[in-house]
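These notes concern the structure reproduced below.
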Amino acid sequence: MLTVAGVRFKKAGKIYYFDPDGNELARGAFAIVETSRGLEFGEVVVAPKEVAEEEVIQPLKKVVRTASEEDCQKILENRQKEEEAFDLVLQKIHEHNLEMKLVDVEYTFDRSKIIFYFTADGRVDFRELVKDLATVFRTRIELRQIGVRDEAKMVGGLGPCGRILCCHTFLGEFEPVSIRMAKDQNLSLNPTKISGVCGRLMCCLRYESDAYELARAENRASKQAKGEMPVIAEKKSE
């Protein structure tokens, strides 16, 4: 068994496990942790607990320390810099006449890298843009193309139900959603009725999918027991 703590770096983002390394961590606290791109600031969403070794991807990186007031202040400064960078990059994209939509800007905690998230219909040659941005920001630049679902998760908005998007509030990861789920729930197959603001099938179609599958299985078993439905033997694959 290993002792781990769950840390999240973005609102409704994926939860990553870290070795508490003796630090006293409570849920809701903030911590500085080691990551593949250096030190990062995150929120502890799972207090230290024991899990089986096979549930963790090794090697397990460590929590460096609980966040100090200086760390929190640095994050606020980073957020301000991100807003300023967003406006500047919009201008640069226009100057380079690139067919891309800027979605979000993120500074790493130590400001060693700045990441620009964007959407585009196809591939974009942004090499000249990167050179221009490197001259302006004097740090490592990364442009990362994302999909429409990730864009909705970052930007947020209201779903057809009138509530804030699930992906923006609590869904840590996207799960596969199929048109079969809508059919099983006797929902309208009109794309405008079962699609979210991202234009893809709504994530909530999956919420009750398992319950419908279980209900159908129980219904079939009940009919077979009553002789109302023939029992069809499954053909074994050779």
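Identifiers in this document derive from the order of the structure tokens: chains are assigned A, B, ..., residues are numbered from 1 separately in each chain, and ligands are numbered from 1 in order of occurrence.
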Review point. Tell me, which residues of segment 97-173 of chain A carry DSSP strand (DSSP E or B), written as a PyMOL selection string?
Key: chain A and resi 101-107+113-119+140-145+158+164
Prev. selection, N, CA and C atoms, output as a PDB file, in the first residue's frame:
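Final file, part-v4.pdb:
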ATOM      1  N   LYS A 101      -8.238  30.343 -33.068  1.00  0.00           N
ATOM      2  CA  LYS A 101      -8.987  31.034 -32.017  1.00  0.00           C
ATOM      3  C   LYS A 101      -8.307  30.792 -30.673  1.00  0.00           C
ATOM      4  N   LEU A 102      -7.824  31.848 -30.065  1.00  0.00           N
ATOM      5  CA  LEU A 102      -7.174  31.729 -28.760  1.00  0.00           C
ATOM      6  C   LEU A 102      -8.227  31.474 -27.685  1.00  0.00           C
ATOM      7  N   VAL A 103      -7.994  30.457 -26.853  1.00  0.00           N
ATOM      8  CA  VAL A 103      -8.969  30.065 -25.834  1.00  0.00           C
ATOM      9  C   VAL A 103      -8.497  30.427 -24.426  1.00  0.00           C
ATOM     10  N   ASP A 104      -7.245  30.149 -24.122  1.00  0.00           N
ATOM     11  CA  ASP A 104      -6.760  30.379 -22.760  1.00  0.00           C
ATOM     12  C   ASP A 104      -5.242  30.538 -22.767  1.00  0.00           C
ATOM     13  N   VAL A 105      -4.739  31.161 -21.711  1.00  0.00           N
ATOM     14  CA  VAL A 105      -3.301  31.345 -21.528  1.00  0.00           C
ATOM     15  C   VAL A 105      -2.936  30.869 -20.126  1.00  0.00           C
ATOM     16  N   GLU A 106      -1.820  30.151 -20.016  1.00  0.00           N
ATOM     17  CA  GLU A 106      -1.408  29.621 -18.713  1.00  0.00           C
ATOM     18  C   GLU A 106       0.096  29.772 -18.519  1.00  0.00           C
ATOM     19  N   TYR A 107       0.462  30.423 -17.423  1.00  0.00           N
ATOM     20  CA  TYR A 107       1.861  30.474 -17.008  1.00  0.00           C
ATOM     21  C   TYR A 107       2.132  29.304 -16.083  1.00  0.00           C
ATOM     22  N   LYS A 113       7.657  28.846 -18.480  1.00  0.00           N
ATOM     23  CA  LYS A 113       6.969  28.557 -19.732  1.00  0.00           C
ATOM     24  C   LYS A 113       5.589  29.199 -19.715  1.00  0.00           C
ATOM     25  N   ILE A 114       5.147  29.623 -20.904  1.00  0.00           N
ATOM     26  CA  ILE A 114       3.791  30.131 -21.041  1.00  0.00           C
ATOM     27  C   ILE A 114       3.110  29.329 -22.140  1.00  0.00           C
ATOM     28  N   ILE A 115       1.915  28.822 -21.846  1.00  0.00           N
ATOM     29  CA  ILE A 115       1.194  27.936 -22.746  1.00  0.00           C
ATOM     30  C   ILE A 115      -0.043  28.650 -23.276  1.00  0.00           C
ATOM     31  N   PHE A 116      -0.197  28.611 -24.600  1.00  0.00           N
ATOM     32  CA  PHE A 116      -1.360  29.222 -25.241  1.00  0.00           C
ATOM     33  C   PHE A 116      -2.227  28.115 -25.822  1.00  0.00           C
ATOM     34  N   TYR A 117      -3.483  28.035 -25.387  1.00  0.00           N
ATOM     35  CA  TYR A 117      -4.414  27.029 -25.879  1.00  0.00           C
ATOM     36  C   TYR A 117      -5.282  27.657 -26.974  1.00  0.00           C
ATOM     37  N   PHE A 118      -5.427  26.937 -28.091  1.00  0.00           N
ATOM     38  CA  PHE A 118      -6.216  27.489 -29.179  1.00  0.00           C
ATOM     39  C   PHE A 118      -6.967  26.387 -29.915  1.00  0.00           C
ATOM     40  N   THR A 119      -7.980  26.790 -30.661  1.00  0.00           N
ATOM     41  CA  THR A 119      -8.712  25.871 -31.531  1.00  0.00           C
ATOM     42  C   THR A 119      -8.536  26.341 -32.971  1.00  0.00           C
ATOM     43  N   ARG A 140      10.037  30.330 -22.516  1.00  0.00           N
ATOM     44  CA  ARG A 140       9.635  29.257 -23.418  1.00  0.00           C
ATOM     45  C   ARG A 140       8.161  29.408 -23.786  1.00  0.00           C
ATOM     46  N   ILE A 141       7.864  29.194 -25.062  1.00  0.00           N
ATOM     47  CA  ILE A 141       6.510  29.347 -25.581  1.00  0.00           C
ATOM     48  C   ILE A 141       5.992  28.002 -26.066  1.00  0.00           C
ATOM     49  N   GLU A 142       4.753  27.681 -25.716  1.00  0.00           N
ATOM     50  CA  GLU A 142       4.107  26.472 -26.229  1.00  0.00           C
ATOM     51  C   GLU A 142       2.708  26.824 -26.699  1.00  0.00           C
ATOM     52  N   LEU A 143       2.398  26.491 -27.961  1.00  0.00           N
ATOM     53  CA  LEU A 143       1.052  26.643 -28.486  1.00  0.00           C
ATOM     54  C   LEU A 143       0.427  25.262 -28.571  1.00  0.00           C
ATOM     55  N   ARG A 144      -0.707  25.072 -27.913  1.00  0.00           N
ATOM     56  CA  ARG A 144      -1.323  23.752 -27.829  1.00  0.00           C
ATOM     57  C   ARG A 144      -2.729  23.798 -28.417  1.00  0.00           C
ATOM     58  N   GLN A 145      -2.940  23.035 -29.480  1.00  0.00           N
ATOM     59  CA  GLN A 145      -4.254  22.989 -30.110  1.00  0.00           C
ATOM     60  C   GLN A 145      -5.156  22.026 -29.349  1.00  0.00           C
ATOM     61  N   LEU A 158     -23.626  27.929 -20.163  1.00  0.00           N
ATOM     62  CA  LEU A 158     -24.846  27.300 -19.663  1.00  0.00           C
ATOM     63  C   LEU A 158     -25.310  26.224 -20.626  1.00  0.00           C
ATOM     64  N   ILE A 164     -24.759  25.589 -15.169  1.00  0.00           N
ATOM     65  CA  ILE A 164     -23.397  25.733 -15.670  1.00  0.00           C
ATOM     66  C   ILE A 164     -22.904  24.376 -16.161  1.00  0.00           C
TER      67      ILE A 164
END
Compile a residue-level contact table for segment 4-117 of chain A against segment 128-131 of chain A at a cut-off of 12 Å, reporting for every qualifying residue the shortest atom pair and its distance in Å to one decimal, with only C-alpha atoms counted, rows ordered by chain and ascending number, as CSV.
residue,atom,partner,partner_atom,distance
A:Leu88,CA,A:Leu129,CA,11.9
A:Val89,CA,A:Leu129,CA,9.0
A:Leu90,CA,A:Leu129,CA,11.0
A:Gln91,CA,A:Leu129,CA,10.9
A:Lys92,CA,A:Leu129,CA,7.2
A:Ile93,CA,A:Leu129,CA,7.3
A:His94,CA,A:Leu129,CA,10.3
A:Glu95,CA,A:Leu129,CA,9.2
A:His96,CA,A:Leu129,CA,6.9
A:Asn97,CA,A:Leu129,CA,10.0
A:Leu98,CA,A:Leu129,CA,9.0
A:Met100,CA,A:Leu129,CA,11.6
A:Ile114,CA,A:Val130,CA,11.1
A:Ile115,CA,A:Val130,CA,10.9
A:Phe116,CA,A:Val130,CA,10.2
Point to revise | One-decimal distance in Å that lies between atom CA of Asn23 of chain A and atom CA of Glu173 of chain A | key: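 Atom CA of Asn23 of chain A lies at a distance of 27.4 Å from atom CA of Glu173 of chain A.
A straight line drawn from atom CA of Val56 of chain A to atom CA of Thr169 of chain A is 25.1 Å long.
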Exercise for review: Would you mind listing what lies within 6 Å of segment 67-75 of chain A as a PyMOL selection string, with only C-alpha atoms counted and same-chain residues fewer than 4 positions away left out?
Suggested key: chain A and resi 30-32
**Study point:** Separation of atom CA of Val46 of chain A from atom CA of Arg79 of chain A in Å
**Key:** 24.5 Å
**Study point:** DSSP-assigned alpha helix (DSSP H) members of segment 36-192 of chain A, reported as a PyMOL selection string
**Key:** chain A and resi 69-95+127-137+148-155+166-169+179-184+191-192
